[in-house]
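What follows is a single structure, written as structure tokens, with notes after it.
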Amino acid sequence: MNPEKPIQPFVVKLTGINNAMLRSAPKFYEVAKRIIEITENCILVAHNASFDYRILRTEFGRLGYDYIKPTLCTVELSQKLIPGQLSYSLGKLVRALGIPVTDRHRASGDALATVKLFKMILEKDVKKEILISLIKAEIKKGLSPKLLDIVESLPSKTGIYYIHNEKGDLIYIGKSRNIKKRINQHFTGSTGKCKKIQREVFAVTYEVTGSELIALLKETEEIKINKPVYNRAQRKSVFQWALYSEKDEKGYLSLKLQKADGRKKEITSFTSVQEGKTALLKITEKYRLCQKLNGLYETENACFQYKIKECNGACIGKETTQLYNERVTEFIMEMKFENDNMVIVDRGRTVDERSAVLIENGIYKGYCFFDLNYQVNNIEILKNIIIPMQNNRDTRTIIQGYLRKNKVFKVIKF
């Protein structure tokens, strides 16, 4: 922009923009109408928003126009949601977060860096305060979209969706590999819960995750934090059945599927007894364990698997406890990451992006999205961009189950 007066020397030094570069630049009044058009129905997001907003209001004021917009400041939001940084200037903050920035102190470079920073802030806002305030702003306008309009605005992608009522409050949080299809099922379903959602829904917001693992982890975390009224069942632990190891009287280690008991050390857990049985059958087959010892086949004699030569005969004492227990222990060790330091790298929201789940000393720390390898290979940058999450039996079981059933891009040990 041509400010129609000479630039101060310190601004030239800071930005590299000099008077000669501005001679052919447009004057504010020449682009004022376009600024109004592109910011229609928008919230102004800026790094130190009060400064940018004051400049805009001053310039519009000189033209006799009162420019009023809601604003969000990425400095204030960063201080709240990314605490502990040495500096909150845009340059130093994006460097600490591994956000690439080109054309520093130019409109395009600074704006793109702020967009990436704001996306990260939105992800870190697990209480959804920014999202809910946005919905409340929409409500004030008196808009009441039809269910069909809501469905049409949604993507057919993997992610989390948030159903809001007319007050803007979250009434349901869900995850799906196809958000549009899942919301359509809510809006056409005939169950009691579906009918309540259909009556109360005002808006649906969403976050694309790309990775189903992150969608699962975000869903369980955000339901526990936000406690939506129609997610009653998932507010507590969703894994009610667990797998335990026990030694029988002959010294064989058996795997037992039982009701989850917080006093006992579980290997992994499941949402239902059927899911647990199916998984235990696959584990028994993969590690050549005994169905009888694992409580899957009741008999006084050898199990059926022994007859078809898929069991080595632990059920009738033909295999030594040492050999049998080695395979059980191998399975248990594979399922645990008690002292592991690892990053699980999976698909991201776009073709160029990847997601990362961080586990440090066996504790799930959180997840992030990244574009560049150095962001995930530099542990200090990784810790800065991670969205912190709770480590509990649900998150541990989700990660274990996902690694057991799905292929991820890679697992980095450190």
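Please note that chains go A, B, ... in the order of the structure tokens, that every chain numbers its residues from 1, and that ligands are numbered from 1 in the order shown.
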Distance query Ile316 in chain A at most 9 Å, only C-alpha atoms, self and fewer than 5 positions along chain excluded, as a PDB file with all heavy atoms, in the first residue's frame:
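Saved result, selection_33.pdb, follows:
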ATOM      1  N   ASN A 301     -10.262 -82.965  27.422  1.00  0.00           N
ATOM      2  CA  ASN A 301      -9.096 -83.507  26.714  1.00  0.00           C
ATOM      3  C   ASN A 301      -8.371 -82.398  25.944  1.00  0.00           C
ATOM      4  O   ASN A 301      -8.423 -81.238  26.326  1.00  0.00           O
ATOM      5  CB  ASN A 301      -9.573 -84.615  25.754  1.00  0.00           C
ATOM      6  CG  ASN A 301     -10.372 -85.674  26.503  1.00  0.00           C
ATOM      7  OD1 ASN A 301      -9.937 -86.193  27.514  1.00  0.00           O
ATOM      8  ND2 ASN A 301     -11.570 -85.964  25.994  1.00  0.00           N
ATOM      9  N   ALA A 302      -7.727 -82.773  24.852  1.00  0.00           N
ATOM     10  CA  ALA A 302      -7.009 -81.804  24.022  1.00  0.00           C
ATOM     11  C   ALA A 302      -8.002 -80.879  23.317  1.00  0.00           C
ATOM     12  O   ALA A 302      -9.126 -81.278  23.006  1.00  0.00           O
ATOM     13  CB  ALA A 302      -6.162 -82.537  22.979  1.00  0.00           C
ATOM     14  N   CYS A 303      -7.554 -79.655  23.043  1.00  0.00           N
ATOM     15  CA  CYS A 303      -8.430 -78.717  22.335  1.00  0.00           C
ATOM     16  C   CYS A 303      -8.522 -79.095  20.858  1.00  0.00           C
ATOM     17  O   CYS A 303      -7.700 -79.852  20.342  1.00  0.00           O
ATOM     18  CB  CYS A 303      -7.917 -77.281  22.496  1.00  0.00           C
ATOM     19  SG  CYS A 303      -6.410 -76.931  21.581  1.00  0.00           S
TER      20      CYS A 303
END
Contacts of range 188-200 of chain A at 9 Å (only C-alpha atoms; same-chain gap of 2+ positions) as JSON, numbers by chain: {"A": [147, 163, 164, 165, 166, 171, 172, 183, 184, 185, 186, 202, 230]}
Limited to N, CA, C and O atoms, could you put the picked residues into a file as a PDB file, in the first residue's frame?
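Saved as part_14.pdb:
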ATOM      1  N   LEU A 147     -31.634 -29.003   7.719  1.00  0.00           N
ATOM      2  CA  LEU A 147     -30.775 -30.178   7.866  1.00  0.00           C
ATOM      3  C   LEU A 147     -30.063 -30.516   6.554  1.00  0.00           C
ATOM      4  O   LEU A 147     -28.885 -30.865   6.550  1.00  0.00           O
ATOM      5  N   ILE A 163     -21.876 -31.384  16.937  1.00  0.00           N
ATOM      6  CA  ILE A 163     -23.269 -30.954  16.719  1.00  0.00           C
ATOM      7  C   ILE A 163     -23.642 -29.953  17.827  1.00  0.00           C
ATOM      8  O   ILE A 163     -23.483 -30.244  19.016  1.00  0.00           O
ATOM      9  N   HIS A 164     -24.079 -28.761  17.401  1.00  0.00           N
ATOM     10  CA  HIS A 164     -24.411 -27.678  18.338  1.00  0.00           C
ATOM     11  C   HIS A 164     -25.919 -27.424  18.354  1.00  0.00           C
ATOM     12  O   HIS A 164     -26.591 -27.566  17.331  1.00  0.00           O
ATOM     13  N   ASN A 165     -26.416 -26.995  19.522  1.00  0.00           N
ATOM     14  CA  ASN A 165     -27.829 -26.595  19.606  1.00  0.00           C
ATOM     15  C   ASN A 165     -27.955 -25.090  19.376  1.00  0.00           C
ATOM     16  O   ASN A 165     -26.981 -24.415  19.033  1.00  0.00           O
ATOM     17  N   GLU A 166     -29.143 -24.551  19.595  1.00  0.00           N
ATOM     18  CA  GLU A 166     -29.399 -23.144  19.268  1.00  0.00           C
ATOM     19  C   GLU A 166     -28.700 -22.160  20.200  1.00  0.00           C
ATOM     20  O   GLU A 166     -28.594 -20.983  19.904  1.00  0.00           O
ATOM     21  N   ILE A 171     -23.828 -30.640  21.775  1.00  0.00           N
ATOM     22  CA  ILE A 171     -24.737 -31.679  22.285  1.00  0.00           C
ATOM     23  C   ILE A 171     -24.278 -33.074  21.875  1.00  0.00           C
ATOM     24  O   ILE A 171     -24.708 -34.067  22.459  1.00  0.00           O
ATOM     25  N   TYR A 172     -23.368 -33.144  20.870  1.00  0.00           N
ATOM     26  CA  TYR A 172     -22.865 -34.462  20.461  1.00  0.00           C
ATOM     27  C   TYR A 172     -21.527 -34.304  19.747  1.00  0.00           C
ATOM     28  O   TYR A 172     -21.347 -33.375  18.948  1.00  0.00           O
ATOM     29  N   ILE A 183     -23.284 -37.849   9.436  1.00  0.00           N
ATOM     30  CA  ILE A 183     -24.263 -36.826   9.844  1.00  0.00           C
ATOM     31  C   ILE A 183     -25.607 -37.097   9.182  1.00  0.00           C
ATOM     32  O   ILE A 183     -26.672 -36.949   9.804  1.00  0.00           O
ATOM     33  N   ASN A 184     -25.586 -37.524   7.925  1.00  0.00           N
ATOM     34  CA  ASN A 184     -26.818 -37.875   7.218  1.00  0.00           C
ATOM     35  C   ASN A 184     -27.555 -39.003   7.954  1.00  0.00           C
ATOM     36  O   ASN A 184     -28.787 -38.997   8.042  1.00  0.00           O
ATOM     37  N   GLN A 185     -26.785 -39.973   8.498  1.00  0.00           N
ATOM     38  CA  GLN A 185     -27.394 -41.071   9.277  1.00  0.00           C
ATOM     39  C   GLN A 185     -28.053 -40.537  10.545  1.00  0.00           C
ATOM     40  O   GLN A 185     -29.136 -40.978  10.929  1.00  0.00           O
ATOM     41  N   HIS A 186     -27.408 -39.564  11.212  1.00  0.00           N
ATOM     42  CA  HIS A 186     -28.012 -38.934  12.401  1.00  0.00           C
ATOM     43  C   HIS A 186     -29.328 -38.243  12.031  1.00  0.00           C
ATOM     44  O   HIS A 186     -30.312 -38.311  12.765  1.00  0.00           O
ATOM     45  N   PHE A 202     -28.605 -27.054  15.537  1.00  0.00           N
ATOM     46  CA  PHE A 202     -28.603 -25.743  14.891  1.00  0.00           C
ATOM     47  C   PHE A 202     -27.447 -25.652  13.883  1.00  0.00           C
ATOM     48  O   PHE A 202     -27.597 -25.070  12.818  1.00  0.00           O
ATOM     49  N   TYR A 230     -25.637 -35.887  24.665  1.00  0.00           N
ATOM     50  CA  TYR A 230     -26.000 -37.151  24.001  1.00  0.00           C
ATOM     51  C   TYR A 230     -24.821 -38.098  23.799  1.00  0.00           C
ATOM     52  O   TYR A 230     -24.893 -39.026  23.011  1.00  0.00           O
TER      53      TYR A 230
END
Shell of 12 Å around Gly313 in chain A, only C-alpha atoms, local chain residues under 2 positions omitted, as a CSV table (one decimal) with C-alpha atoms, in the first residue's frame:
chain,number,residue,atom,x,y,z
A,252,TYR,CA,1.1,-72.2,31.9
A,288,ARG,CA,0.0,-70.7,18.3
A,289,LEU,CA,-1.5,-70.6,21.8
A,290,CYS,CA,-4.1,-73.0,23.2
A,291,GLN,CA,-7.8,-72.2,23.0
A,292,LYS,CA,-8.5,-74.4,26.0
A,293,LEU,CA,-6.0,-72.5,28.2
A,301,ASN,CA,-9.1,-83.5,26.7
A,302,ALA,CA,-7.0,-81.8,24.0
A,303,CYS,CA,-8.4,-78.7,22.3
A,304,PHE,CA,-9.7,-78.9,18.8
A,305,GLN,CA,-6.8,-76.8,17.5
A,306,TYR,CA,-4.4,-79.6,18.7
A,307,LYS,CA,-6.3,-82.1,16.6
A,308,ILE,CA,-5.8,-80.0,13.5
A,309,LYS,CA,-2.1,-79.3,14.4
A,310,GLU,CA,-2.6,-75.6,15.2
A,311,CYS,CA,-1.8,-76.0,18.9
A,315,CYS,CA,-3.6,-78.4,26.8
A,316,ILE,CA,-2.5,-82.0,27.5
A,317,GLY,CA,1.0,-81.2,28.8
A,318,LYS,CA,2.8,-82.0,25.6
A,319,GLU,CA,4.5,-78.6,25.3
A,320,THR,CA,6.8,-77.4,28.1
A,321,THR,CA,5.6,-74.4,30.1
A,323,LEU,CA,8.3,-72.7,25.4
A,324,TYR,CA,4.6,-71.9,25.7
Could you give me, as a PyMOL selection string, each residue of range 68-301 of chain A that DSSP assigns to strand (DSSP E) when run on this structure's backbone? chain A and resi 71-73+159-164+170-176+203-208+241-247+253-259+268-270
Using only C-alpha atoms, which residues sit within 10 Å of range 340-357 of chain A once same-chain residues fewer than 3 positions away are excluded, as an NGL selection string? :A and (157-159 or 207-214 or 217 or 336-337 or 360-373 or 376-377 or 379 or 382 or 386-387 or 399 or 403 or 407-414)
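You can rank A:Arg327, A:Ile82, A:Asp261, A:Tyr206 by their closest distance to Lys286 in chain A using only C-alpha atoms, and at the top of that list sits A:Arg327.
CA of Thr58 in chain A to CA of Leu112 in chain A spans 24.5 Å [interatomic distance, one decimal].
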So that I can check the secondary structure, give me every residue of range 29-249 of chain A assigned helix (DSSP H, G or I) by backbone DSSP, as a ChimeraX atom specification. /A:29-38,49-62,74-81,90-96,107-124,129-140,147-152,179-188,192-200,212-226,232-234
Hey, could you make a per-residue contact list for range 119-221 of chain A against range 45-50 of chain A with 12 Å as the cut-off, showing the nearest pair of atoms and its distance in Å to one decimal, counting only C-alpha atoms, sorted by chain and number, as JSON lines?
{"residue": "A:Lys119", "atom": "CA", "partner": "A:Val45", "partner_atom": "CA", "distance": 11.2}
{"residue": "A:Ile121", "atom": "CA", "partner": "A:Val45", "partner_atom": "CA", "distance": 11.9}
{"residue": "A:Ile130", "atom": "CA", "partner": "A:Val45", "partner_atom": "CA", "distance": 11.9}
Could you turn the residues from that selection into a file that holds all heavy atoms, as a PDB file, in the first residue's frame?
ATOM      1  N   LYS A 119      -4.424 -22.437  12.715  1.00  0.00           N
ATOM      2  CA  LYS A 119      -4.912 -23.822  12.601  1.00  0.00           C
ATOM      3  C   LYS A 119      -4.411 -24.664  13.779  1.00  0.00           C
ATOM      4  O   LYS A 119      -5.152 -25.474  14.330  1.00  0.00           O
ATOM      5  CB  LYS A 119      -4.437 -24.446  11.284  1.00  0.00           C
ATOM      6  CG  LYS A 119      -5.236 -24.003  10.071  1.00  0.00           C
ATOM      7  CD  LYS A 119      -4.737 -24.702   8.815  1.00  0.00           C
ATOM      8  CE  LYS A 119      -5.591 -24.329   7.603  1.00  0.00           C
ATOM      9  NZ  LYS A 119      -5.094 -24.949   6.373  1.00  0.00           N
ATOM     10  N   ILE A 121      -3.575 -23.529  16.739  1.00  0.00           N
ATOM     11  CA  ILE A 121      -4.280 -23.055  17.941  1.00  0.00           C
ATOM     12  C   ILE A 121      -5.671 -23.689  18.023  1.00  0.00           C
ATOM     13  O   ILE A 121      -6.103 -24.125  19.090  1.00  0.00           O
ATOM     14  CB  ILE A 121      -4.362 -21.507  17.932  1.00  0.00           C
ATOM     15  CG1 ILE A 121      -2.976 -20.898  18.211  1.00  0.00           C
ATOM     16  CG2 ILE A 121      -5.379 -20.993  18.951  1.00  0.00           C
ATOM     17  CD1 ILE A 121      -2.867 -19.415  17.883  1.00  0.00           C
ATOM     18  N   ILE A 130     -13.185 -21.441  21.076  1.00  0.00           N
ATOM     19  CA  ILE A 130     -13.183 -20.594  19.874  1.00  0.00           C
ATOM     20  C   ILE A 130     -14.344 -20.995  18.964  1.00  0.00           C
ATOM     21  O   ILE A 130     -15.090 -20.150  18.463  1.00  0.00           O
ATOM     22  CB  ILE A 130     -11.840 -20.715  19.105  1.00  0.00           C
ATOM     23  CG1 ILE A 130     -10.660 -20.320  20.012  1.00  0.00           C
ATOM     24  CG2 ILE A 130     -11.851 -19.843  17.853  1.00  0.00           C
ATOM     25  CD1 ILE A 130      -9.292 -20.657  19.441  1.00  0.00           C
TER      26      ILE A 130
END
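The two atoms in question, CA of Gln390 in chain A and CA of Ser245 in chain A, are spaced 26.1 Å apart.
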Pick from A:Arg232, A:Lys27, A:Lys136, A:Lys69 nearest to Ile43 in chain A, counting only C-alpha atoms: A:Lys69
Out of A:Arg57, A:Lys383, A:Lys264, A:Lys259, which residue has the shortest atom-to-atom distance to Ala96 in chain A when counting only C-alpha atoms? A:Lys383
Please provide as a JSON list (two decimals) with all heavy atoms, in the first residue's frame all residues within 8 Å of Gly98 in chain A, with the sequence filter that same-chain residues fewer than 5 positions apart are discarded (counting only C-alpha atoms).
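around_28.json, freshly written:
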[["chain", "number", "residue", "atom", "x", "y", "z"],
["A", 374, "TYR", "N", 11.83, -32.45, 9.50],
["A", 374, "TYR", "CA", 12.59, -31.98, 10.67],
["A", 374, "TYR", "C", 11.66, -31.64, 11.85],
["A", 374, "TYR", "O", 12.07, -31.66, 13.00],
["A", 374, "TYR", "CB", 13.49, -30.79, 10.30],
["A", 374, "TYR", "CG", 12.82, -29.44, 10.18],
["A", 374, "TYR", "CD1", 12.54, -28.67, 11.32],
["A", 374, "TYR", "CD2", 12.50, -28.92, 8.94],
["A", 374, "TYR", "CE1", 11.94, -27.43, 11.20],
["A", 374, "TYR", "CE2", 11.91, -27.67, 8.82],
["A", 374, "TYR", "CZ", 11.63, -26.94, 9.95],
["A", 374, "TYR", "OH", 11.03, -25.70, 9.84],
["A", 375, "GLN", "N", 10.37, -31.38, 11.55],
["A", 375, "GLN", "CA", 9.43, -31.09, 12.65],
["A", 375, "GLN", "C", 9.21, -32.32, 13.53],
["A", 375, "GLN", "O", 8.98, -32.19, 14.72],
["A", 375, "GLN", "CB", 8.08, -30.63, 12.08],
["A", 375, "GLN", "CG", 8.11, -29.22, 11.51],
["A", 375, "GLN", "CD", 6.76, -28.85, 10.91],
["A", 375, "GLN", "OE1", 6.39, -29.35, 9.85],
["A", 375, "GLN", "NE2", 6.04, -27.98, 11.56],
["A", 381, "ILE", "N", 11.08, -29.39, 18.75],
["A", 381, "ILE", "CA", 10.02, -28.80, 17.90],
["A", 381, "ILE", "C", 8.76, -29.64, 18.00],
["A", 381, "ILE", "O", 7.65, -29.13, 18.12],
["A", 381, "ILE", "CB", 10.49, -28.68, 16.43],
["A", 381, "ILE", "CG1", 11.55, -27.58, 16.31],
["A", 381, "ILE", "CG2", 9.32, -28.38, 15.50],
["A", 381, "ILE", "CD1", 12.10, -27.37, 14.92],
["A", 385, "ILE", "N", 4.81, -28.47, 18.99],
["A", 385, "ILE", "CA", 3.63, -28.51, 18.11],
["A", 385, "ILE", "C", 2.60, -29.56, 18.53],
["A", 385, "ILE", "O", 1.49, -29.58, 18.03],
["A", 385, "ILE", "CB", 4.02, -28.69, 16.62],
["A", 385, "ILE", "CG1", 4.71, -30.03, 16.36],
["A", 385, "ILE", "CG2", 4.89, -27.55, 16.14],
["A", 385, "ILE", "CD1", 5.01, -30.30, 14.88]]
